[in-house]
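Here is run15.pdb, consisting of PDB, C-alpha atoms and all ligand atoms:
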ATOM      1  CA  MET G 725     -67.240  -1.948 104.007  1.00  0.00           C
ATOM      2  CA  THR G 726     -66.345  -0.031 107.163  1.00  0.00           C
ATOM      3  CA  ILE G 727     -68.904   2.552 108.184  1.00  0.00           C
ATOM      4  CA  GLN G 728     -67.633   5.759 109.734  1.00  0.00           C
ATOM      5  CA  LEU G 729     -69.339   8.719 111.373  1.00  0.00           C
ATOM      6  CA  GLY G 730     -70.683  11.068 108.715  1.00  0.00           C
ATOM      7  CA  ASP G 731     -71.158   8.311 106.130  1.00  0.00           C
ATOM      8  CA  THR G 732     -74.580   7.826 104.591  1.00  0.00           C
ATOM      9  CA  ALA G 733     -76.135   4.851 106.373  1.00  0.00           C
ATOM     10  CA  PRO G 734     -76.412   2.084 103.767  1.00  0.00           C
ATOM     11  CA  ASP G 735     -79.968   1.614 102.537  1.00  0.00           C
ATOM     12  CA  PHE G 736     -81.432  -1.894 102.477  1.00  0.00           C
ATOM     13  CA  SER G 737     -84.647  -3.834 102.119  1.00  0.00           C
ATOM     14  CA  ALA G 738     -85.595  -6.152 104.976  1.00  0.00           C
ATOM     15  CA  GLU G 739     -88.236  -8.482 106.325  1.00  0.00           C
ATOM     16  CA  THR G 740     -89.363  -7.339 109.759  1.00  0.00           C
ATOM     17  CA  THR G 741     -91.913  -8.355 112.365  1.00  0.00           C
ATOM     18  CA  GLU G 742     -94.000  -5.427 111.068  1.00  0.00           C
ATOM     19  CA  GLY G 743     -93.663  -6.392 107.390  1.00  0.00           C
ATOM     20  CA  PRO G 744     -91.165  -5.592 104.625  1.00  0.00           C
ATOM     21  CA  ILE G 745     -89.359  -2.233 104.717  1.00  0.00           C
ATOM     22  CA  GLN G 746     -86.945  -0.168 102.668  1.00  0.00           C
ATOM     23  CA  PHE G 747     -84.805   1.375 105.376  1.00  0.00           C
ATOM     24  CA  HIS G 748     -84.443   4.978 104.169  1.00  0.00           C
ATOM     25  CA  GLN G 749     -88.089   5.143 103.172  1.00  0.00           C
ATOM     26  CA  TRP G 750     -89.122   3.665 106.527  1.00  0.00           C
ATOM     27  CA  MET G 751     -87.073   6.365 108.325  1.00  0.00           C
ATOM     28  CA  GLY G 752     -88.779   9.180 106.419  1.00  0.00           C
ATOM     29  CA  ASN G 753     -87.809  12.440 108.142  1.00  0.00           C
ATOM     30  CA  SER G 754     -87.156  10.787 111.487  1.00  0.00           C
ATOM     31  CA  TRP G 755     -83.961   9.931 113.286  1.00  0.00           C
ATOM     32  CA  ALA G 756     -83.321   6.192 113.654  1.00  0.00           C
ATOM     33  CA  VAL G 757     -81.657   3.813 116.075  1.00  0.00           C
ATOM     34  CA  LEU G 758     -80.661   0.581 114.334  1.00  0.00           C
ATOM     35  CA  PHE G 759     -79.379  -1.992 116.812  1.00  0.00           C
ATOM     36  CA  SER G 760     -78.412  -5.624 116.595  1.00  0.00           C
ATOM     37  CA  HIS G 761     -78.697  -8.333 119.238  1.00  0.00           C
ATOM     38  CA  PRO G 762     -76.903 -11.686 119.092  1.00  0.00           C
ATOM     39  CA  LYS G 763     -79.728 -14.172 119.354  1.00  0.00           C
ATOM     40  CA  ASP G 764     -83.411 -14.700 120.122  1.00  0.00           C
ATOM     41  CA  PHE G 765     -84.383 -16.668 123.239  1.00  0.00           C
ATOM     42  CA  THR G 766     -81.322 -15.470 125.162  1.00  0.00           C
ATOM     43  CA  PRO G 767     -81.489 -13.748 128.540  1.00  0.00           C
ATOM     44  CA  VAL G 768     -79.678 -10.439 128.020  1.00  0.00           C
ATOM     45  CA  CYS G 769     -81.398  -9.825 124.665  1.00  0.00           C
ATOM     46  CA  THR G 770     -84.795 -10.466 126.233  1.00  0.00           C
ATOM     47  CA  THR G 771     -84.166  -7.759 128.851  1.00  0.00           C
ATOM     48  CA  GLU G 772     -82.858  -5.304 126.259  1.00  0.00           C
ATOM     49  CA  LEU G 773     -85.825  -5.617 123.918  1.00  0.00           C
ATOM     50  CA  GLY G 774     -88.247  -5.230 126.841  1.00  0.00           C
ATOM     51  CA  GLU G 775     -86.403  -2.055 127.868  1.00  0.00           C
ATOM     52  CA  VAL G 776     -86.524  -0.560 124.372  1.00  0.00           C
ATOM     53  CA  ALA G 777     -90.276  -1.326 124.237  1.00  0.00           C
ATOM     54  CA  LYS G 778     -90.692   0.448 127.603  1.00  0.00           C
ATOM     55  CA  LEU G 779     -88.715   3.479 126.371  1.00  0.00           C
ATOM     56  CA  LYS G 780     -90.532   3.698 123.010  1.00  0.00           C
ATOM     57  CA  PRO G 781     -92.553   6.801 124.089  1.00  0.00           C
ATOM     58  CA  GLU G 782     -89.241   8.543 124.869  1.00  0.00           C
ATOM     59  CA  PHE G 783     -87.905   7.717 121.390  1.00  0.00           C
ATOM     60  CA  ASP G 784     -91.211   8.866 119.846  1.00  0.00           C
ATOM     61  CA  LYS G 785     -90.991  12.205 121.711  1.00  0.00           C
ATOM     62  CA  ARG G 786     -87.600  12.800 120.080  1.00  0.00           C
ATOM     63  CA  ASN G 787     -88.827  11.827 116.570  1.00  0.00           C
ATOM     64  CA  VAL G 788     -86.651   8.684 116.633  1.00  0.00           C
ATOM     65  CA  LYS G 789     -87.694   5.339 115.116  1.00  0.00           C
ATOM     66  CA  VAL G 790     -86.105   2.237 116.641  1.00  0.00           C
ATOM     67  CA  ILE G 791     -85.469  -1.014 114.823  1.00  0.00           C
ATOM     68  CA  GLY G 792     -83.760  -4.195 116.050  1.00  0.00           C
ATOM     69  CA  LEU G 793     -81.987  -6.922 114.110  1.00  0.00           C
ATOM     70  CA  SER G 794     -80.596 -10.405 114.504  1.00  0.00           C
ATOM     71  CA  VAL G 795     -79.749 -13.214 112.131  1.00  0.00           C
ATOM     72  CA  ASP G 796     -82.604 -15.356 113.494  1.00  0.00           C
ATOM     73  CA  PRO G 797     -85.494 -16.182 111.172  1.00  0.00           C
ATOM     74  CA  MET G 798     -88.881 -14.476 111.366  1.00  0.00           C
ATOM     75  CA  THR G 799     -90.494 -17.601 112.854  1.00  0.00           C
ATOM     76  CA  SER G 800     -88.064 -17.333 115.773  1.00  0.00           C
ATOM     77  CA  HIS G 801     -88.690 -13.592 116.286  1.00  0.00           C
ATOM     78  CA  LYS G 802     -92.439 -14.166 116.295  1.00  0.00           C
ATOM     79  CA  ALA G 803     -92.192 -17.074 118.722  1.00  0.00           C
ATOM     80  CA  TRP G 804     -89.926 -15.086 121.092  1.00  0.00           C
ATOM     81  CA  VAL G 805     -91.941 -11.868 121.399  1.00  0.00           C
ATOM     82  CA  GLY G 806     -94.406 -13.472 123.822  1.00  0.00           C
ATOM     83  CA  ASP G 807     -91.523 -14.166 126.234  1.00  0.00           C
ATOM     84  CA  ILE G 808     -90.488 -10.494 126.132  1.00  0.00           C
ATOM     85  CA  LYS G 809     -93.959  -9.376 127.152  1.00  0.00           C
ATOM     86  CA  GLU G 810     -94.305 -12.102 129.771  1.00  0.00           C
ATOM     87  CA  THR G 811     -90.949 -11.558 131.479  1.00  0.00           C
ATOM     88  CA  GLN G 812     -90.305  -7.821 130.934  1.00  0.00           C
ATOM     89  CA  GLY G 813     -93.883  -6.531 131.105  1.00  0.00           C
ATOM     90  CA  HIS G 814     -93.620  -4.726 127.776  1.00  0.00           C
ATOM     91  CA  ALA G 815     -94.740  -6.104 124.425  1.00  0.00           C
ATOM     92  CA  LEU G 816     -92.536  -5.521 121.381  1.00  0.00           C
ATOM     93  CA  ASN G 817     -93.764  -2.250 119.806  1.00  0.00           C
ATOM     94  CA  PHE G 818     -91.092  -1.689 117.152  1.00  0.00           C
ATOM     95  CA  PRO G 819     -89.908  -3.781 114.183  1.00  0.00           C
ATOM     96  CA  LEU G 820     -87.304  -6.535 114.452  1.00  0.00           C
ATOM     97  CA  ILE G 821     -85.399  -7.440 111.286  1.00  0.00           C
ATOM     98  CA  ALA G 822     -84.869 -11.112 110.443  1.00  0.00           C
ATOM     99  CA  ASP G 823     -81.479 -10.986 108.729  1.00  0.00           C
ATOM    100  CA  GLU G 824     -81.096 -14.692 108.033  1.00  0.00           C
ATOM    101  CA  ASP G 825     -78.769 -14.213 105.051  1.00  0.00           C
ATOM    102  CA  ARG G 826     -76.673 -11.679 107.059  1.00  0.00           C
ATOM    103  CA  LYS G 827     -76.935  -9.172 104.239  1.00  0.00           C
ATOM    104  CA  ILE G 828     -77.570  -6.230 106.576  1.00  0.00           C
ATOM    105  CA  SER G 829     -75.292  -7.508 109.351  1.00  0.00           C
ATOM    106  CA  ASN G 830     -72.423  -7.619 106.867  1.00  0.00           C
ATOM    107  CA  LEU G 831     -73.343  -4.257 105.328  1.00  0.00           C
ATOM    108  CA  TYR G 832     -73.121  -2.623 108.770  1.00  0.00           C
ATOM    109  CA  GLY G 833     -70.208  -4.698 110.118  1.00  0.00           C
ATOM    110  CA  MET G 834     -72.313  -6.179 112.905  1.00  0.00           C
ATOM    111  CA  ILE G 835     -70.571  -9.560 112.832  1.00  0.00           C
ATOM    112  CA  HIS G 836     -67.160  -9.509 114.501  1.00  0.00           C
ATOM    113  CA  PRO G 837     -65.676 -12.931 113.705  1.00  0.00           C
ATOM    114  CA  LYS G 838     -63.200 -12.897 116.578  1.00  0.00           C
ATOM    115  CA  ALA G 839     -66.088 -12.437 119.013  1.00  0.00           C
ATOM    116  CA  ASN G 840     -68.427 -14.854 117.209  1.00  0.00           C
ATOM    117  CA  ASP G 841     -68.245 -15.831 113.560  1.00  0.00           C
ATOM    118  CA  THR G 842     -71.982 -16.203 113.009  1.00  0.00           C
ATOM    119  CA  LEU G 843     -73.890 -14.043 115.494  1.00  0.00           C
ATOM    120  CA  THR G 844     -74.159 -10.258 115.529  1.00  0.00           C
ATOM    121  CA  VAL G 845     -72.553  -8.312 118.368  1.00  0.00           C
ATOM    122  CA  ARG G 846     -74.558  -5.591 120.136  1.00  0.00           C
ATOM    123  CA  SER G 847     -74.148  -2.762 117.624  1.00  0.00           C
ATOM    124  CA  VAL G 848     -75.925   0.576 117.892  1.00  0.00           C
ATOM    125  CA  PHE G 849     -76.169   3.069 115.037  1.00  0.00           C
ATOM    126  CA  ILE G 850     -77.847   6.436 115.476  1.00  0.00           C
ATOM    127  CA  ILE G 851     -78.763   7.900 112.095  1.00  0.00           C
ATOM    128  CA  GLY G 852     -79.979  11.449 111.468  1.00  0.00           C
ATOM    129  CA  PRO G 853     -82.880  12.527 109.235  1.00  0.00           C
ATOM    130  CA  ASP G 854     -80.197  13.359 106.648  1.00  0.00           C
ATOM    131  CA  LYS G 855     -79.418   9.580 106.696  1.00  0.00           C
ATOM    132  CA  LYS G 856     -75.891  10.236 107.968  1.00  0.00           C
ATOM    133  CA  VAL G 857     -74.428   8.061 110.723  1.00  0.00           C
ATOM    134  CA  LYS G 858     -74.127  10.169 113.880  1.00  0.00           C
ATOM    135  CA  LEU G 859     -72.996   7.559 116.411  1.00  0.00           C
ATOM    136  CA  MET G 860     -71.799   3.964 116.527  1.00  0.00           C
ATOM    137  CA  ILE G 861     -71.252   1.891 119.671  1.00  0.00           C
ATOM    138  CA  THR G 862     -70.392  -1.794 119.935  1.00  0.00           C
ATOM    139  CA  TYR G 863     -70.947  -3.920 123.028  1.00  0.00           C
ATOM    140  CA  PRO G 864     -70.073  -7.574 123.557  1.00  0.00           C
ATOM    141  CA  ALA G 865     -72.827 -10.179 123.807  1.00  0.00           C
ATOM    142  CA  SER G 866     -72.385 -10.478 127.570  1.00  0.00           C
ATOM    143  CA  THR G 867     -73.116  -6.806 128.350  1.00  0.00           C
ATOM    144  CA  GLY G 868     -76.651  -5.485 128.106  1.00  0.00           C
ATOM    145  CA  ARG G 869     -76.806  -1.920 126.863  1.00  0.00           C
ATOM    146  CA  ASN G 870     -77.956   1.153 128.768  1.00  0.00           C
ATOM    147  CA  PHE G 871     -80.650   2.603 126.511  1.00  0.00           C
ATOM    148  CA  SER G 872     -80.998   5.658 128.760  1.00  0.00           C
ATOM    149  CA  GLU G 873     -77.492   6.509 127.556  1.00  0.00           C
ATOM    150  CA  ILE G 874     -78.686   6.162 123.956  1.00  0.00           C
ATOM    151  CA  LEU G 875     -81.489   8.661 124.718  1.00  0.00           C
ATOM    152  CA  ARG G 876     -78.951  10.987 126.387  1.00  0.00           C
ATOM    153  CA  VAL G 877     -76.768  10.913 123.258  1.00  0.00           C
ATOM    154  CA  ILE G 878     -79.803  11.610 121.063  1.00  0.00           C
ATOM    155  CA  ASP G 879     -80.589  14.666 123.216  1.00  0.00           C
ATOM    156  CA  SER G 880     -77.013  15.856 122.745  1.00  0.00           C
ATOM    157  CA  LEU G 881     -76.993  15.173 118.988  1.00  0.00           C
ATOM    158  CA  GLN G 882     -80.317  16.931 118.462  1.00  0.00           C
ATOM    159  CA  LEU G 883     -79.187  19.942 120.498  1.00  0.00           C
ATOM    160  CA  THR G 884     -75.870  20.294 118.700  1.00  0.00           C
ATOM    161  CA  ALA G 885     -77.639  19.889 115.332  1.00  0.00           C
ATOM    162  CA  LYS G 886     -79.611  23.077 116.105  1.00  0.00           C
ATOM    163  CA  HIS G 887     -77.145  25.214 118.068  1.00  0.00           C
ATOM    164  CA  SER G 888     -73.392  25.860 118.005  1.00  0.00           C
ATOM    165  CA  VAL G 889     -72.826  23.972 121.235  1.00  0.00           C
ATOM    166  CA  ALA G 890     -71.284  20.749 122.482  1.00  0.00           C
ATOM    167  CA  THR G 891     -72.194  18.862 125.649  1.00  0.00           C
ATOM    168  CA  PRO G 892     -69.703  18.217 128.473  1.00  0.00           C
ATOM    169  CA  VAL G 893     -68.937  15.035 130.348  1.00  0.00           C
ATOM    170  CA  ASN G 894     -71.966  13.333 131.916  1.00  0.00           C
ATOM    171  CA  TRP G 895     -74.255  16.064 130.542  1.00  0.00           C
ATOM    172  CA  MET G 896     -77.966  15.512 130.979  1.00  0.00           C
ATOM    173  CA  ASN G 897     -80.750  17.327 129.153  1.00  0.00           C
ATOM    174  CA  GLY G 898     -81.351  20.739 130.767  1.00  0.00           C
ATOM    175  CA  GLN G 899     -77.815  21.236 132.069  1.00  0.00           C
ATOM    176  CA  ASP G 900     -75.299  23.845 130.908  1.00  0.00           C
ATOM    177  CA  VAL G 901     -73.487  23.270 127.610  1.00  0.00           C
ATOM    178  CA  ILE G 902     -70.267  24.416 125.931  1.00  0.00           C
ATOM    179  CA  ILE G 903     -69.887  26.962 123.136  1.00  0.00           C
ATOM    180  CA  VAL G 904     -67.923  25.234 120.371  1.00  0.00           C
ATOM    181  CA  PRO G 905     -64.414  26.648 119.797  1.00  0.00           C
ATOM    182  CA  SER G 906     -65.176  27.556 116.146  1.00  0.00           C
ATOM    183  CA  VAL G 907     -67.598  30.254 117.387  1.00  0.00           C
ATOM    184  CA  THR G 908     -65.750  33.515 118.146  1.00  0.00           C
ATOM    185  CA  ASP G 909     -66.699  35.679 121.126  1.00  0.00           C
ATOM    186  CA  GLU G 910     -68.166  38.217 118.667  1.00  0.00           C
ATOM    187  CA  GLN G 911     -70.378  35.533 117.106  1.00  0.00           C
ATOM    188  CA  ALA G 912     -71.253  34.155 120.541  1.00  0.00           C
ATOM    189  CA  LYS G 913     -72.641  37.580 121.571  1.00  0.00           C
ATOM    190  CA  GLN G 914     -75.192  37.251 118.773  1.00  0.00           C
ATOM    191  CA  LYS G 915     -76.029  33.600 119.452  1.00  0.00           C
ATOM    192  CA  PHE G 916     -76.078  33.750 123.244  1.00  0.00           C
ATOM    193  CA  PRO G 917     -77.245  37.260 124.203  1.00  0.00           C
ATOM    194  CA  GLY G 918     -77.797  36.142 127.801  1.00  0.00           C
ATOM    195  CA  GLY G 919     -74.018  35.747 128.151  1.00  0.00           C
ATOM    196  CA  TRP G 920     -71.756  32.901 129.155  1.00  0.00           C
ATOM    197  CA  LYS G 921     -69.027  32.038 131.643  1.00  0.00           C
ATOM    198  CA  THR G 922     -65.429  31.858 130.360  1.00  0.00           C
ATOM    199  CA  LEU G 923     -63.301  29.392 132.368  1.00  0.00           C
ATOM    200  CA  LYS G 924     -60.593  29.390 129.695  1.00  0.00           C
ATOM    201  CA  PRO G 925     -60.763  31.054 126.263  1.00  0.00           C
ATOM    202  CA  TYR G 926     -61.564  27.601 124.842  1.00  0.00           C
ATOM    203  CA  LEU G 927     -63.961  26.590 127.651  1.00  0.00           C
ATOM    204  CA  ARG G 928     -67.078  28.746 127.616  1.00  0.00           C
ATOM    205  CA  ILE G 929     -70.146  27.558 129.514  1.00  0.00           C
ATOM    206  CA  VAL G 930     -73.630  28.672 128.574  1.00  0.00           C
ATOM    207  CA  PRO G 931     -77.127  27.669 129.706  1.00  0.00           C
ATOM    208  CA  GLN G 932     -78.699  25.089 127.389  1.00  0.00           C
ATOM    209  CA  PRO G 933     -80.401  26.916 124.501  1.00  0.00           C
ATOM    210  CA  ARG G 934     -84.146  26.266 124.300  1.00  0.00           C
ATOM    211  CA  GLY G 935     -86.175  25.599 121.191  1.00  0.00           C
TER     212      GLY G 935
HETATM  213  C1  LIG H   1     -77.810 -13.037 125.876  1.00  0.00           C
HETATM  214  O1  LIG H   1     -78.571 -12.289 125.282  1.00  0.00           O
HETATM  215  O2  LIG H   1     -77.996 -13.356 127.035  1.00  0.00           O
HETATM  216  C2  LIG H   1     -76.612 -13.594 125.170  1.00  0.00           C
HETATM  217  C3  LIG H   1     -76.636 -13.807 123.810  1.00  0.00           C
HETATM  218  C4  LIG H   1     -75.534 -14.347 123.188  1.00  0.00           C
HETATM  219  C5  LIG H   1     -74.397 -14.631 123.920  1.00  0.00           C
HETATM  220  C6  LIG H   1     -74.377 -14.380 125.286  1.00  0.00           C
HETATM  221  C7  LIG H   1     -75.496 -13.856 125.924  1.00  0.00           C
END
If you convert what's in this file into structure tokens, what do you get?
Amino acid sequence: MTIQLGDTAPDFSAETTEGPIQFHQWMGNSWAVLFSHPKDFTPVCTTELGEVAKLKPEFDKRNVKVIGLSVDPMTSHKAWVGDIKETQGHALNFPLIADEDRKISNLYGMIHPKANDTLTVRSVFIIGPDKKVKLMITYPASTGRNFSEILRVIDSLQLTAKHSVATPVNWMNGQDVIIVPSVTDEQAKQKFPGGWKTLKPYLRIVPQPRG
């Protein structure tokens, strides 16, 4: 099955380092980041998991639960976590799925056989509280991800979920945003009473709405 943006994220049961979960139930009313890594006891993965542990308070602030996955067994995950703390200075503080039978990896298309026919690539899925897939990114095994970018996208997604705006190139939280083209100038007067700057009829810049 190919997952596309807007699809309901497939539900699944899993064994994790924090015990068994049912994915949708585990998410509750939160957003979720589900991400795969190729293999335990590998250098890039070790740095990535340490970074996600460091950024956990930032995910918490945004009501986002994070969960990792690889096809390694639970015994491997549990043996590896000490290395993450020792080398990255941050202990694992989120669940890691042991997907030994590749049930979830296959469900989410995380194994790309032309890259590697057994290991997961570095997939990222951002899923909204409505359980719909909001973003998918795939990185090769050799490139560690930039999880600050994942937080930046979450800020954009959460803003656009509340307001009729989109975020421009390289946008960072707090910067000006764009009024979406489907909003007429008449409607924009109601939504953005402080006004906006029109560079082109289709390119209207407005301060980031608050709240
Ligand atoms: C790594 O995490 O360093 C890694 C894992 C699999 C293939 C290549 C690199």
Please identify all polymer residues within 8 Å of stretch 731-737 of chain G, counting only C-alpha atoms, omitting same-chain residues fewer than 2 positions from it, and present them as a PDB file with C-alpha atoms, keeping the file's coordinate frame.
ATOM      1  CA  ILE G 727     -68.904   2.552 108.184  1.00  0.00           C
ATOM      2  CA  GLN G 728     -67.633   5.759 109.734  1.00  0.00           C
ATOM      3  CA  LEU G 729     -69.339   8.719 111.373  1.00  0.00           C
ATOM      4  CA  GLU G 739     -88.236  -8.482 106.325  1.00  0.00           C
ATOM      5  CA  PRO G 744     -91.165  -5.592 104.625  1.00  0.00           C
ATOM      6  CA  ILE G 745     -89.359  -2.233 104.717  1.00  0.00           C
ATOM      7  CA  GLN G 746     -86.945  -0.168 102.668  1.00  0.00           C
ATOM      8  CA  PHE G 747     -84.805   1.375 105.376  1.00  0.00           C
ATOM      9  CA  HIS G 748     -84.443   4.978 104.169  1.00  0.00           C
ATOM     10  CA  ILE G 828     -77.570  -6.230 106.576  1.00  0.00           C
ATOM     11  CA  LEU G 831     -73.343  -4.257 105.328  1.00  0.00           C
ATOM     12  CA  TYR G 832     -73.121  -2.623 108.770  1.00  0.00           C
ATOM     13  CA  ILE G 851     -78.763   7.900 112.095  1.00  0.00           C
ATOM     14  CA  LYS G 855     -79.418   9.580 106.696  1.00  0.00           C
ATOM     15  CA  LYS G 856     -75.891  10.236 107.968  1.00  0.00           C
ATOM     16  CA  VAL G 857     -74.428   8.061 110.723  1.00  0.00           C
TER      17      VAL G 857
END
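Distances from G:Val930, G:Leu779, G:Met860, G:Leu923 to G:Thr891 were compared using all atoms listed in the file, and the smallest one belongs to G:Val930.
Reported to one decimal place, the separation of atom CA of G:Pro819 from atom CA of G:Glu742 is 5.4 Å.
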Step by step, work through what the PyMOL selection byres (((not hetatm)) within 10 of (chain H and resi 1)) selects in the shown file, and finish by giving those residues as number ranges by chain. G: 761-773, 839-840, 843-846, 864-868
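As for atom CA of G:Thr842 and atom CA of G:Glu775, they are spaced 25.1 Å apart.
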List the spatial neighbours of G:Ala756 as an MDAnalysis selection string - criterion: any atom at most 8 Å away, all atoms listed in the file, same-chain residues fewer than 2 positions off excluded. chainID G and resid 751 754 758 788:791 849:853
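Among the candidates G:Ala803, G:Ile861, G:Ile874, G:Leu883, the residue lying nearest to G:Val776 is G:Ile874 (atoms considered: only C-alpha atoms).
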Selection dump of the PyMOL selection byres (((chain G and resi 916) around 10) and not hetatm), as a ChimeraX atom specification: /G:888,903,909,911-915,917-920,930-933
Go through the shown structure with the PyMOL selection byres (((chain G and resi 826) around 9) and not hetatm) and write out the matching residues as a PyMOL selection string. chain G and resi 794-795+822-825+827-831+835+842+844
Distance of atom CA of G:Leu820 from atom CA of G:Gly833, expressed in Å to one decimal place: 17.7 Å
Do you know which residues are at most 6 Å from stretch 807-815 of chain G counting all atoms listed in the file, after dropping those on the same chain fewer than 6 positions away, and could you put them as number ranges by chain? G: 770, 774, 777-778
Write out, as a PDB file, in the frame of the given file, the residues just selected, with C-alpha atoms.
ATOM      1  CA  THR G 770     -84.795 -10.466 126.233  1.00  0.00           C
ATOM      2  CA  GLY G 774     -88.247  -5.230 126.841  1.00  0.00           C
ATOM      3  CA  ALA G 777     -90.276  -1.326 124.237  1.00  0.00           C
ATOM      4  CA  LYS G 778     -90.692   0.448 127.603  1.00  0.00           C
TER       5      LYS G 778
END
G:Asp900, G:Phe759, G:Gly935, G:Thr884: which is nearest G:Lys921, counting only C-alpha atoms? G:Asp900
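Nearest-residue note for G:Leu881: choosing from G:Leu859, G:Ile929, G:Leu793, G:Val907, the minimum distance belongs to G:Leu859, counting all atoms listed in the file.
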Determine the nearest neighbour of G:Lys858 from the options G:Asn897, G:Gln749, G:Ser906, G:Ser880, counting all atoms listed in the file. G:Ser880
Which residue gives the smallest distance to G:Thr922 among G:Thr799, G:Arg934, G:Ile902, G:Thr740, with only C-alpha atoms counted? G:Ile902
Atoms added to stretch 912-929 of chain G (N, CA and C atoms), reported as a CSV table (one decimal), in the frame of the given file:
chain,number,residue,atom,x,y,z
G,912,ALA,N,-70.5,34.7,119.4
G,912,ALA,CA,-71.3,34.2,120.5
G,912,ALA,C,-72.2,35.2,121.1
G,913,LYS,N,-71.8,36.5,121.0
G,913,LYS,CA,-72.6,37.6,121.6
G,913,LYS,C,-74.0,37.6,120.9
G,914,GLN,N,-73.9,37.3,119.5
G,914,GLN,CA,-75.2,37.3,118.8
G,914,GLN,C,-76.0,36.0,119.1
G,915,LYS,N,-75.3,34.9,119.2
G,915,LYS,CA,-76.0,33.6,119.5
G,915,LYS,C,-76.5,33.4,120.9
G,916,PHE,N,-75.8,34.0,121.8
G,916,PHE,CA,-76.1,33.8,123.2
G,916,PHE,C,-76.1,35.1,124.0
G,917,PRO,N,-77.2,35.9,123.7
G,917,PRO,CA,-77.2,37.3,124.2
G,917,PRO,C,-77.3,37.3,125.7
G,918,GLY,N,-77.7,36.2,126.3
G,918,GLY,CA,-77.8,36.1,127.8
G,918,GLY,C,-76.4,36.0,128.4
G,919,GLY,N,-75.4,35.8,127.6
G,919,GLY,CA,-74.0,35.7,128.2
G,919,GLY,C,-73.6,34.3,128.5
G,920,TRP,N,-72.3,34.2,128.8
G,920,TRP,CA,-71.8,32.9,129.2
G,920,TRP,C,-70.6,33.1,130.2
G,921,LYS,N,-70.1,32.0,130.7
G,921,LYS,CA,-69.0,32.0,131.6
G,921,LYS,C,-67.8,31.5,131.0
G,922,THR,N,-66.7,32.3,131.0
G,922,THR,CA,-65.4,31.9,130.4
G,922,THR,C,-64.5,31.3,131.4
G,923,LEU,N,-64.3,30.0,131.4
G,923,LEU,CA,-63.3,29.4,132.4
G,923,LEU,C,-61.9,29.4,131.8
G,924,LYS,N,-61.8,29.2,130.5
G,924,LYS,CA,-60.6,29.4,129.7
G,924,LYS,C,-61.1,29.9,128.4
G,925,PRO,N,-60.3,30.6,127.5
G,925,PRO,CA,-60.8,31.1,126.3
G,925,PRO,C,-61.4,30.0,125.4
G,926,TYR,N,-61.0,28.7,125.6
G,926,TYR,CA,-61.6,27.6,124.8
G,926,TYR,C,-62.7,26.9,125.6
G,927,LEU,N,-63.0,27.3,126.8
G,927,LEU,CA,-64.0,26.6,127.7
G,927,LEU,C,-65.0,27.6,128.1
G,928,ARG,N,-66.0,27.8,127.3
G,928,ARG,CA,-67.1,28.7,127.6
G,928,ARG,C,-68.4,28.0,127.9
G,929,ILE,N,-69.0,28.3,129.1
G,929,ILE,CA,-70.1,27.6,129.5
G,929,ILE,C,-71.4,28.5,129.4
